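File shown here: query_28.cif, holding mmCIF, C-alpha atoms and all ligand atoms.
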```
data_structure
#
loop_
_atom_site.label_atom_id
_atom_site.label_comp_id
_atom_site.auth_asym_id
_atom_site.auth_seq_id
_atom_site.Cartn_x
_atom_site.Cartn_y
_atom_site.Cartn_z
CA MET A 28 -3.04 174.98 61.95
CA LEU A 29 -3.75 171.70 60.25
CA VAL A 30 -2.02 172.94 57.12
CA ILE A 31 1.12 173.91 59.06
CA ARG A 32 1.28 170.51 60.80
CA TYR A 33 0.86 168.77 57.48
CA THR A 34 3.61 170.84 55.90
CA THR A 35 5.97 170.18 58.81
CA GLN A 36 5.27 166.44 58.61
CA GLN A 37 5.90 166.56 54.87
CA PHE A 38 9.13 168.46 55.40
CA GLU A 39 10.36 165.94 57.96
CA TYR A 40 9.43 163.10 55.62
CA TRP A 41 11.36 164.58 52.71
CA LYS A 42 14.33 165.46 54.95
CA ALA A 43 14.55 161.84 56.15
CA THR A 44 14.13 160.54 52.59
CA LEU A 45 16.85 162.87 51.30
CA LYS A 46 19.17 161.79 54.12
CA GLU A 47 18.53 158.16 53.19
CA ILE A 48 19.25 158.89 49.51
CA LEU A 49 22.42 160.83 50.37
CA LYS A 50 23.69 157.82 52.32
CA HIS A 51 23.85 155.97 49.03
CA VAL A 52 25.31 158.83 47.01
CA ARG A 53 28.94 158.14 46.55
CA ALA A 54 31.75 160.53 45.82
CA SER A 55 32.74 161.19 42.24
CA ILE A 56 36.05 159.68 41.27
CA LEU A 57 39.11 161.77 40.49
CA ASP A 58 40.35 159.42 37.81
CA GLY A 59 44.13 159.65 37.62
CA LEU A 60 44.34 157.05 34.87
CA GLU A 61 42.08 159.01 32.56
CA VAL A 62 43.67 162.39 33.28
CA SER A 63 47.25 161.12 33.06
CA ASP A 64 46.41 159.71 29.65
CA VAL A 65 45.23 163.15 28.52
CA VAL A 66 48.45 164.72 29.87
CA LEU A 67 50.65 162.12 28.17
CA THR A 68 48.82 162.62 24.85
CA ASP A 69 49.33 166.40 25.13
CA VAL A 70 53.01 165.94 25.95
CA ARG A 71 53.40 163.55 23.02
CA LYS A 72 51.75 166.01 20.61
CA ALA A 73 53.97 168.85 21.79
CA ILE A 74 57.11 166.72 21.52
CA ASP A 75 56.17 165.51 18.03
CA ALA A 76 55.55 169.08 16.89
CA HIS A 77 58.86 170.16 18.44
CA THR A 78 60.89 167.39 16.76
CA LEU A 79 59.10 167.86 13.42
CA SER A 80 60.22 171.47 13.40
CA GLY A 81 63.83 170.38 13.95
CA GLY A 82 63.94 170.42 17.75
CA GLN A 83 65.82 167.81 19.76
CA ARG A 84 63.84 164.89 21.23
CA PRO A 85 63.81 165.14 25.03
CA GLY A 86 65.97 162.56 26.75
CA LEU A 87 65.57 161.16 30.26
CA ALA A 88 68.29 159.25 32.12
CA VAL A 89 66.78 156.81 34.61
CA VAL A 90 69.19 155.61 37.28
CA LEU A 91 68.33 152.66 39.50
CA VAL A 92 70.71 151.45 42.21
CA GLY A 93 70.07 147.90 43.41
CA SER A 94 67.01 145.77 42.81
CA ASP A 95 64.37 146.86 45.32
CA PRO A 96 61.20 145.23 43.88
CA ALA A 97 58.97 148.32 44.32
CA SER A 98 61.61 150.59 42.75
CA MET A 99 62.00 148.18 39.83
CA ILE A 100 58.23 148.32 39.19
CA TYR A 101 58.22 152.15 39.33
CA VAL A 102 61.22 152.44 37.03
CA ARG A 103 59.73 150.01 34.50
CA ALA A 104 56.50 152.03 34.48
CA LYS A 105 58.40 155.29 34.02
CA ARG A 106 60.32 153.86 31.07
CA LYS A 107 57.00 152.78 29.50
CA ASP A 108 55.58 156.28 29.99
CA CYS A 109 58.61 157.70 28.18
CA GLU A 110 57.82 155.50 25.18
CA LYS A 111 54.23 156.73 25.22
CA ALA A 112 55.25 160.37 25.52
CA GLY A 113 57.95 160.19 22.84
CA ILE A 114 60.83 160.76 25.26
CA SER A 115 64.03 158.79 24.68
CA THR A 116 65.43 157.03 27.74
CA ARG A 117 68.86 156.01 28.86
CA ASP A 118 68.81 153.30 31.49
CA PHE A 119 71.47 152.91 34.17
CA ASP A 120 70.88 149.86 36.38
CA LEU A 121 73.68 149.93 38.95
CA PRO A 122 74.63 147.28 41.51
CA ILE A 123 73.50 147.63 45.14
CA ASP A 124 77.10 148.23 46.33
CA THR A 125 77.60 151.29 44.10
CA THR A 126 79.48 153.95 46.06
CA GLN A 127 78.41 157.55 46.43
CA GLU A 128 81.47 158.69 44.44
CA GLU A 129 80.59 156.37 41.56
CA LEU A 130 77.02 157.67 41.49
CA LEU A 131 78.20 161.30 41.69
CA THR A 132 80.57 160.66 38.77
CA LEU A 133 77.73 159.26 36.66
CA ILE A 134 75.48 162.22 37.53
CA GLY A 135 78.29 164.61 36.61
CA GLU A 136 78.51 162.96 33.17
CA LEU A 137 74.74 163.12 32.69
CA ASN A 138 74.69 166.77 33.80
CA ALA A 139 77.18 167.53 31.02
CA ASP A 140 75.45 165.45 28.33
CA ASN A 141 73.49 167.62 25.87
CA GLU A 142 71.25 164.75 24.84
CA VAL A 143 70.06 164.23 28.41
CA HIS A 144 67.47 166.80 29.49
CA GLY A 145 66.29 165.08 32.65
CA VAL A 146 68.08 162.97 35.26
CA LEU A 147 66.06 160.76 37.54
CA VAL A 148 67.65 158.81 40.38
CA GLN A 149 65.12 156.39 41.83
CA LEU A 150 64.77 156.67 45.62
CA PRO A 151 65.33 155.17 48.12
CA LEU A 152 69.06 154.68 47.71
CA PRO A 153 71.12 152.12 49.64
CA PRO A 154 72.42 153.34 53.04
CA GLN A 155 76.00 154.04 51.89
CA ILE A 156 74.66 156.84 49.66
CA ASP A 157 73.48 160.21 50.96
CA GLU A 158 70.20 161.02 49.21
CA ILE A 159 70.42 164.77 49.81
CA ALA A 160 73.91 164.94 48.32
CA ILE A 161 72.70 163.02 45.27
CA THR A 162 69.51 165.05 44.82
CA ASN A 163 71.41 168.32 44.98
CA SER A 164 74.16 167.08 42.64
CA ILE A 165 71.70 166.84 39.75
CA LYS A 166 71.83 170.02 37.68
CA SER A 167 68.71 171.95 38.77
CA SER A 168 67.65 172.43 35.13
CA LYS A 169 67.65 168.61 34.72
CA ASP A 170 66.03 167.85 38.08
CA VAL A 171 62.80 166.43 36.65
CA ASP A 172 61.72 165.05 40.03
CA GLY A 173 61.75 168.63 41.33
CA PHE A 174 63.54 167.62 44.56
CA HIS A 175 66.58 169.92 44.23
CA ALA A 176 66.73 172.67 46.87
CA PHE A 177 66.87 175.29 44.08
CA ASN A 178 63.61 174.09 42.51
CA VAL A 179 61.77 173.76 45.82
CA GLY A 180 62.96 177.28 46.71
CA ARG A 181 61.69 178.58 43.38
CA LEU A 182 58.31 176.99 44.06
CA ALA A 183 58.21 178.59 47.51
CA LEU A 184 58.80 181.97 45.86
CA ARG A 185 56.25 181.29 43.09
CA GLN A 186 58.95 181.35 40.43
CA HIS A 187 59.35 179.17 37.39
CA GLY A 188 61.15 175.89 38.06
CA LEU A 189 60.76 172.13 37.84
CA ARG A 190 58.05 171.25 40.33
CA PRO A 191 57.83 168.07 42.46
CA CYS A 192 55.73 165.58 40.50
CA THR A 193 53.22 164.33 43.07
CA PRO A 194 51.92 167.72 44.28
CA ARG A 195 51.96 169.02 40.73
CA GLY A 196 50.01 165.96 39.59
CA ILE A 197 47.39 166.54 42.30
CA MET A 198 46.95 170.15 41.21
CA ALA A 199 46.59 169.02 37.58
CA LEU A 200 43.98 166.45 38.60
CA LEU A 201 41.92 169.04 40.49
CA HIS A 202 42.26 171.48 37.60
CA TYR A 203 41.00 168.87 35.12
CA TYR A 204 37.81 168.40 37.15
CA GLY A 205 37.29 172.14 37.52
CA ILE A 206 38.00 172.16 41.26
CA ASP A 207 39.37 175.52 42.37
CA ALA A 208 41.20 175.44 45.69
CA LYS A 209 41.06 179.22 46.12
CA GLY A 210 39.67 180.20 49.51
CA HIS A 211 39.20 176.59 50.62
CA HIS A 212 40.73 175.04 53.69
CA CYS A 213 43.20 172.40 52.56
CA VAL A 214 44.43 170.05 55.27
CA ILE A 215 47.53 168.04 54.38
CA VAL A 216 48.45 165.03 56.50
CA GLY A 217 52.16 164.35 56.02
CA ALA A 218 55.01 166.83 55.74
CA SER A 219 57.69 165.04 53.73
CA ASN A 220 60.03 166.87 51.37
CA ILE A 221 58.57 165.14 48.33
CA VAL A 222 54.83 165.33 49.04
CA GLY A 223 53.50 167.21 52.08
CA ARG A 224 55.71 170.31 52.04
CA PRO A 225 55.62 171.11 48.32
CA MET A 226 51.90 170.24 48.37
CA GLY A 227 51.35 173.08 50.83
CA LEU A 228 53.27 175.44 48.54
CA GLU A 229 51.18 174.43 45.52
CA MET A 230 47.97 174.95 47.46
CA LEU A 231 49.16 178.34 48.68
CA ILE A 232 49.87 179.34 45.09
CA GLN A 233 46.24 178.55 44.31
CA GLY A 234 45.02 180.68 47.20
CA ALA A 235 43.96 177.91 49.58
CA THR A 236 44.26 178.20 53.35
CA VAL A 237 46.70 175.47 54.30
CA THR A 238 47.09 173.38 57.44
CA THR A 239 49.87 170.79 57.50
CA CYS A 240 49.64 167.91 59.98
CA HIS A 241 52.48 165.53 60.78
CA ARG A 242 53.63 162.95 63.30
CA PHE A 243 53.73 165.52 66.14
CA THR A 244 50.27 166.94 65.45
CA LYS A 245 48.01 166.62 68.45
CA ASN A 246 44.41 165.62 67.76
CA LEU A 247 44.59 164.88 64.03
CA GLU A 248 40.82 164.35 63.97
CA HIS A 249 40.23 168.00 64.93
CA PHE A 250 42.07 169.20 61.82
CA VAL A 251 40.70 166.56 59.44
CA ARG A 252 37.14 167.56 60.39
CA GLN A 253 37.86 171.12 59.20
CA ALA A 254 39.16 170.08 55.79
CA GLU A 255 37.38 171.08 52.62
CA ILE A 256 40.23 169.53 50.67
CA LEU A 257 42.01 166.70 52.48
CA ILE A 258 45.32 165.34 51.22
CA ILE A 259 46.71 162.32 53.03
CA ALA A 260 50.34 161.30 52.45
CA VAL A 261 51.60 159.21 55.34
CA GLY A 262 51.92 155.60 54.20
CA GLN A 263 49.87 154.07 57.04
CA GLN A 264 46.62 152.39 56.24
CA GLY A 265 43.79 153.82 58.37
CA ILE A 266 45.79 156.80 59.69
CA VAL A 267 42.74 158.93 58.91
CA CYS A 268 39.36 157.54 59.93
CA ALA A 269 36.65 158.01 57.28
CA ASP A 270 34.17 159.15 59.99
CA TRP A 271 36.29 162.25 60.56
CA ILE A 272 35.65 163.55 57.06
CA SER A 273 32.98 166.21 56.75
CA GLU A 274 30.30 165.57 54.13
CA GLY A 275 31.37 166.98 50.76
CA THR A 276 35.11 167.00 51.36
CA ILE A 277 37.48 166.47 48.44
CA VAL A 278 39.74 163.58 49.45
CA ILE A 279 43.12 162.95 47.86
CA ASP A 280 44.79 159.79 49.06
CA VAL A 281 48.49 159.71 48.22
CA GLY A 282 49.39 156.77 50.46
CA ILE A 283 50.34 153.41 49.03
CA ASN A 284 50.17 150.38 51.31
CA ARG A 285 50.52 146.77 50.20
CA LEU A 286 48.37 144.32 52.14
CA GLU A 287 49.46 140.77 52.93
CA ASN A 288 47.26 139.49 50.10
CA GLY A 289 49.20 141.73 47.70
CA LYS A 290 46.38 144.26 47.25
CA LEU A 291 47.33 147.96 47.12
CA VAL A 292 45.36 150.34 49.32
CA GLY A 293 45.65 153.98 50.34
CA ASP A 294 45.81 155.63 53.76
CA ILE A 295 42.02 155.86 54.18
CA ASP A 296 39.33 153.25 53.78
CA PHE A 297 38.08 154.04 50.27
CA GLU A 298 34.57 152.58 50.58
CA SER A 299 33.70 154.44 53.79
CA ALA A 300 35.34 157.69 52.68
CA ALA A 301 33.53 157.57 49.31
CA ASN A 302 30.20 157.65 51.17
CA ARG A 303 31.04 161.00 52.75
CA ALA A 304 33.34 162.77 50.28
CA ALA A 305 32.25 164.75 47.23
CA TRP A 306 35.33 163.68 45.26
CA ILE A 307 37.91 161.04 45.98
CA THR A 308 40.99 159.49 44.38
CA PRO A 309 41.15 155.70 44.17
CA VAL A 310 44.29 153.73 45.08
CA PRO A 311 45.58 152.55 42.71
CA GLY A 312 44.57 154.73 39.76
CA GLY A 313 44.50 158.15 41.44
CA VAL A 314 47.62 160.09 42.36
CA GLY A 315 50.16 157.49 41.15
CA PRO A 316 49.54 157.84 37.40
CA MET A 317 49.41 161.64 37.75
CA THR A 318 52.84 161.65 39.43
CA ARG A 319 54.27 159.68 36.51
CA ALA A 320 52.59 161.92 33.93
CA MET A 321 54.13 164.99 35.62
CA LEU A 322 57.55 163.39 35.27
CA MET A 323 57.00 163.32 31.51
CA LEU A 324 55.73 166.91 31.53
CA ASN A 325 58.75 168.00 33.59
CA THR A 326 61.11 166.25 31.15
CA ALA A 327 59.49 168.03 28.22
CA GLU A 328 59.80 171.26 30.22
CA ALA A 329 63.46 170.60 30.95
CA ALA A 330 63.93 170.30 27.17
CA GLY A 331 62.32 173.73 26.77
CA ILE A 332 59.05 172.50 25.24
CA PHE A 333 56.70 173.74 27.98
CA ILE A 334 57.08 176.42 30.60
CA ASN A 335 55.09 176.77 33.82
CA GLU A 336 54.57 180.16 35.38
CA PRO A 337 53.34 179.77 38.94
CA HIS A 338 53.39 183.50 39.63
CA LYS A 339 50.77 183.98 36.90
CA GLN A 340 48.56 181.31 38.48
CA SER A 341 48.77 182.84 41.90
CA PRO A 342 46.07 185.07 43.31
CA ASP A 343 48.55 187.20 45.28
CA VAL A 344 47.81 185.80 48.74
P1 LIG B 401 57.43 159.93 54.49
O1 LIG B 401 57.59 158.72 55.35
O2 LIG B 401 58.62 160.64 54.00
O3 LIG B 401 56.53 160.99 55.27
C1 LIG B 401 55.42 160.58 56.03
C2 LIG B 401 54.82 161.79 56.72
O4 LIG B 401 53.75 161.32 57.52
C3 LIG B 401 55.79 162.50 57.67
O5 LIG B 401 55.77 163.88 57.41
C4 LIG B 401 55.24 162.21 59.07
O6 LIG B 401 55.38 163.30 59.96
C5 LIG B 401 53.76 161.97 58.76
N1 LIG B 401 53.16 161.14 59.79
C6 LIG B 401 53.62 159.98 60.34
N2 LIG B 401 52.80 159.56 61.30
C7 LIG B 401 51.81 160.46 61.37
C8 LIG B 401 50.66 160.58 62.22
N3 LIG B 401 50.40 159.69 63.17
N4 LIG B 401 49.84 161.64 62.03
C9 LIG B 401 50.10 162.56 61.07
N5 LIG B 401 51.17 162.49 60.26
C10 LIG B 401 52.01 161.46 60.42
O7 LIG B 401 56.47 159.49 53.30
P2 LIG B 401 56.26 160.10 51.81
O8 LIG B 401 57.46 159.84 51.00
O9 LIG B 401 55.72 161.47 51.89
O10 LIG B 401 55.09 159.12 51.30
C11 LIG B 401 53.89 159.01 52.00
C12 LIG B 401 53.03 157.97 51.32
O11 LIG B 401 52.71 158.39 50.00
C13 LIG B 401 53.70 156.59 51.17
O12 LIG B 401 52.71 155.60 51.24
C14 LIG B 401 54.25 156.64 49.75
O13 LIG B 401 54.38 155.35 49.19
C15 LIG B 401 53.17 157.42 49.06
N6 LIG B 401 53.60 158.14 47.87
C16 LIG B 401 52.82 158.00 46.78
C17 LIG B 401 53.14 158.68 45.63
C18 LIG B 401 52.27 158.54 44.44
O14 LIG B 401 52.64 158.98 43.39
N7 LIG B 401 51.10 157.96 44.58
C19 LIG B 401 54.27 159.52 45.60
C20 LIG B 401 55.03 159.66 46.75
C21 LIG B 401 54.68 158.97 47.90
#
```
Since I need it in another form, could you write the structure as structure tokens?
Ligand code: NAD
Amino acid sequence: MLVIRYTTQQFEYWKATLKEILKHVRASILDGLEVSDVVLTDVRKAIDAHTLSGGQRPGLAVVLVGSDPASMIYVRAKRKDCEKAGISTRDFDLPIDTTQEELLTLIGELNADNEVHGVLVQLPLPPQIDEIAITNSIKSSKDVDGFHAFNVGRLALRQHGLRPCTPRGIMALLHYYGIDAKGHHCVIVGASNIVGRPMGLEMLIQGATVTTCHRFTKNLEHFVRQAEILIIAVGQQGIVCADWISEGTIVIDVGINRLENGKLVGDIDFESAANRAAWITPVPGGVGPMTRAMLMLNTAEAAGIFINEPHKQSPDV
């Protein structure tokens, strides 16, 4: 009897100690800076090998309309990545009052240009220009953002195509760290055309069970609590409360919010979430660099240097 009581007391002691230790165990970081560097190096090597054997250097046309400060920062970073990856760039910085017809004419020329393999039009566009018309006017084989209806449709059907960069970057990040989504419940918060929707398709390809939440979802907490993989892409700081996360969740924060002091933060409080999650992406330094690296990969793919085959990845769900 005495022995049993002693053992129970010991067990309780160790349980409490372990709980205390776990409180201080923080999530491992999904380091987008490190992984994007690996991707860019691989892309560079492949491009160098391709050009050395007489192939054409991939070319990316980067079109910026107006001078939105955030867009200018993104475009500058993308041009730098091109340098790193060995992709030649053509820059088109157009005035804010550019008309839709003028932009369509430029895209038509770039579509026909054999030295341009990828066409990127930085969004958002000024209000006089219809973004959908522009996105779908880019030749689908040069649509390195992966926003064209043809490419999204191909992704939905698990067929080869240029894939939207952010979801693709998230899948590459998980793959790098050996995280297999198959059979896991992935909850995506946000259902936009460029992140949430294609993210669900990517996860489905990997055999995850997918729940997509959006602005009309009732009781977001209920769904977040069920997530084994949680992807948040809303653009509202604190939209998901860290207390809702189950211990051991993999947390991917896509959101970018600039605070009044200029600091960039994600959609979830990183410090609190890191105390509950198993893995987490920092902001900045998580999804952002992966998105940019996928743009380089897509450009190399558009030039015929790589090919992705989603149907071969897919465990026929
Ligand atoms: P968006 O505005 O197009 O979409 C936001 C989504 O959030 C919508 O689907 C909406 O239904 C949902 N939403 C709004 N309120 C909600 C609520 N209360 N509960 C649940 N869902 C809600 O935004 P987006 O273009 O998808 O971008 C989202 C965020 O991700 C932004 O901060 C953006 O800057 C960032 N982003 C980052 C990268 C990157 O590479 N890191 C790439 C793209 C977007």
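With all atoms listed in the file as the atoms that count, the residue of A:Thr238, A:Thr326, A:Thr34, A:Gln155 with the shortest distance to Gln253 in chain A is A:Thr238.
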Give me the residues of chain A that have any atom at most 6 Å from an atom of ligand LIG 401 (chain B); for each, the nearest atom pair and the distance in Å, rounded to one decimal. Use only C-alpha atoms and all ligand atoms, sort by chain and number, and format it as CSV.
```
residue,atom,partner,partner_atom,distance
A:Thr193,CA,B:LIG401,O14,5.4
A:Val216,CA,B:LIG401,N5,5.3
A:Gly217,CA,B:LIG401,O4,3.7
A:Ala218,CA,B:LIG401,O5,3.5
A:Ser219,CA,B:LIG401,O5,4.3
A:Ile221,CA,B:LIG401,O9,5.9
A:Val222,CA,B:LIG401,O9,4.9
A:Cys240,CA,B:LIG401,C9,5.5
A:His241,CA,B:LIG401,N5,3.4
A:Arg242,CA,B:LIG401,C10,3.6
A:Ala260,CA,B:LIG401,C11,4.2
A:Val261,CA,B:LIG401,O4,3.7
A:Gly262,CA,B:LIG401,O12,3.1
A:Val281,CA,B:LIG401,O11,4.8
A:Gly282,CA,B:LIG401,O12,3.6
A:Ile283,CA,B:LIG401,O12,3.9
A:Asn284,CA,B:LIG401,O12,5.8
A:Val314,CA,B:LIG401,N7,4.6
A:Gly315,CA,B:LIG401,N7,3.6
A:Thr318,CA,B:LIG401,O14,4.8
```
Atomic separation - CA of Ser168 in chain A relative to CA of Ala329 in chain A, Å: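 Interatomic distance here is 6.2 Å.
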Polymer residues at most 10 Å from (47.2, 153.7, 53.3) by only C-alpha atoms, as a ChimeraX atom specification: /A:259-267,280-286,291-297,310
From A:Ser115, A:Ser80, A:Gln149, A:Thr244, residue lying nearest Val102 in chain A [all atoms listed in the file]: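 The shortest atom-to-atom distance to Val102 in chain A comes from A:Gln149.
The nearest approach to Ile161 in chain A among the residues A:Arg190, A:Leu131, A:Ala176, A:Trp271, with only C-alpha atoms taken into account, belongs to A:Leu131.
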CA of Lys339 in chain A to CA of Glu255 in chain A, straight-line distance in Å: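 Pair CA of Glu255 in chain A / CA of Lys339 in chain A returns 24.3 Å.
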Point-to-point distance from CA of Asp170 in chain A to CA of Val89 in chain A, Å rounded to tenths: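 Value for the CA of Asp170 in chain A-CA of Val89 in chain A distance: 11.6 Å.
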Close residues, Val179 in chain A itself excluded, 12 Å, all atoms listed in the file, min 2 positions apart in chain, as a VMD selection string: chain A and resid 162 to 163 167 170 to 177 181 to 192 194 220 to 222 224 to 229
Generate the output file for the selected residues, C-alpha atoms, as a compact mmCIF listing (two decimals), in the coordinates of the input.
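And here's selection.txt as it stands now:
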```
# COMPACT_ATOMS: atom_id res chain seq x y z
CA THR A 162 69.51 165.05 44.82
CA ASN A 163 71.41 168.32 44.98
CA SER A 167 68.71 171.95 38.77
CA ASP A 170 66.03 167.85 38.08
CA VAL A 171 62.80 166.43 36.65
CA ASP A 172 61.72 165.05 40.03
CA GLY A 173 61.75 168.63 41.33
CA PHE A 174 63.54 167.62 44.56
CA HIS A 175 66.58 169.92 44.23
CA ALA A 176 66.73 172.67 46.87
CA PHE A 177 66.87 175.29 44.08
CA ARG A 181 61.69 178.58 43.38
CA LEU A 182 58.31 176.99 44.06
CA ALA A 183 58.21 178.59 47.51
CA LEU A 184 58.80 181.97 45.86
CA ARG A 185 56.25 181.29 43.09
CA GLN A 186 58.95 181.35 40.43
CA HIS A 187 59.35 179.17 37.39
CA GLY A 188 61.15 175.89 38.06
CA LEU A 189 60.76 172.13 37.84
CA ARG A 190 58.05 171.25 40.33
CA PRO A 191 57.83 168.07 42.46
CA CYS A 192 55.73 165.58 40.50
CA PRO A 194 51.92 167.72 44.28
CA ASN A 220 60.03 166.87 51.37
CA ILE A 221 58.57 165.14 48.33
CA VAL A 222 54.83 165.33 49.04
CA ARG A 224 55.71 170.31 52.04
CA PRO A 225 55.62 171.11 48.32
CA MET A 226 51.90 170.24 48.37
CA GLY A 227 51.35 173.08 50.83
CA LEU A 228 53.27 175.44 48.54
CA GLU A 229 51.18 174.43 45.52
```
Nearest residue to Ala88 in chain A from the set A:Ile56, A:Leu152, A:Leu257, A:Leu322 (distances using all atoms listed in the file): A:Leu322
Distance criterion (all atoms listed in the file): nearest to Asp118 in chain A out of A:Asn325, A:Val146, A:Ile307, A:Ile100: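 Among the listed residues, the smallest separation from Asp118 in chain A belongs to A:Val146.
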Pick from A:Met321, A:Val92, A:Ala305, A:Ile334, whichever lies nearest to Arg195 in chain A using all atoms listed in the file: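 Under the stated criterion, the closest residue is A:Met321.
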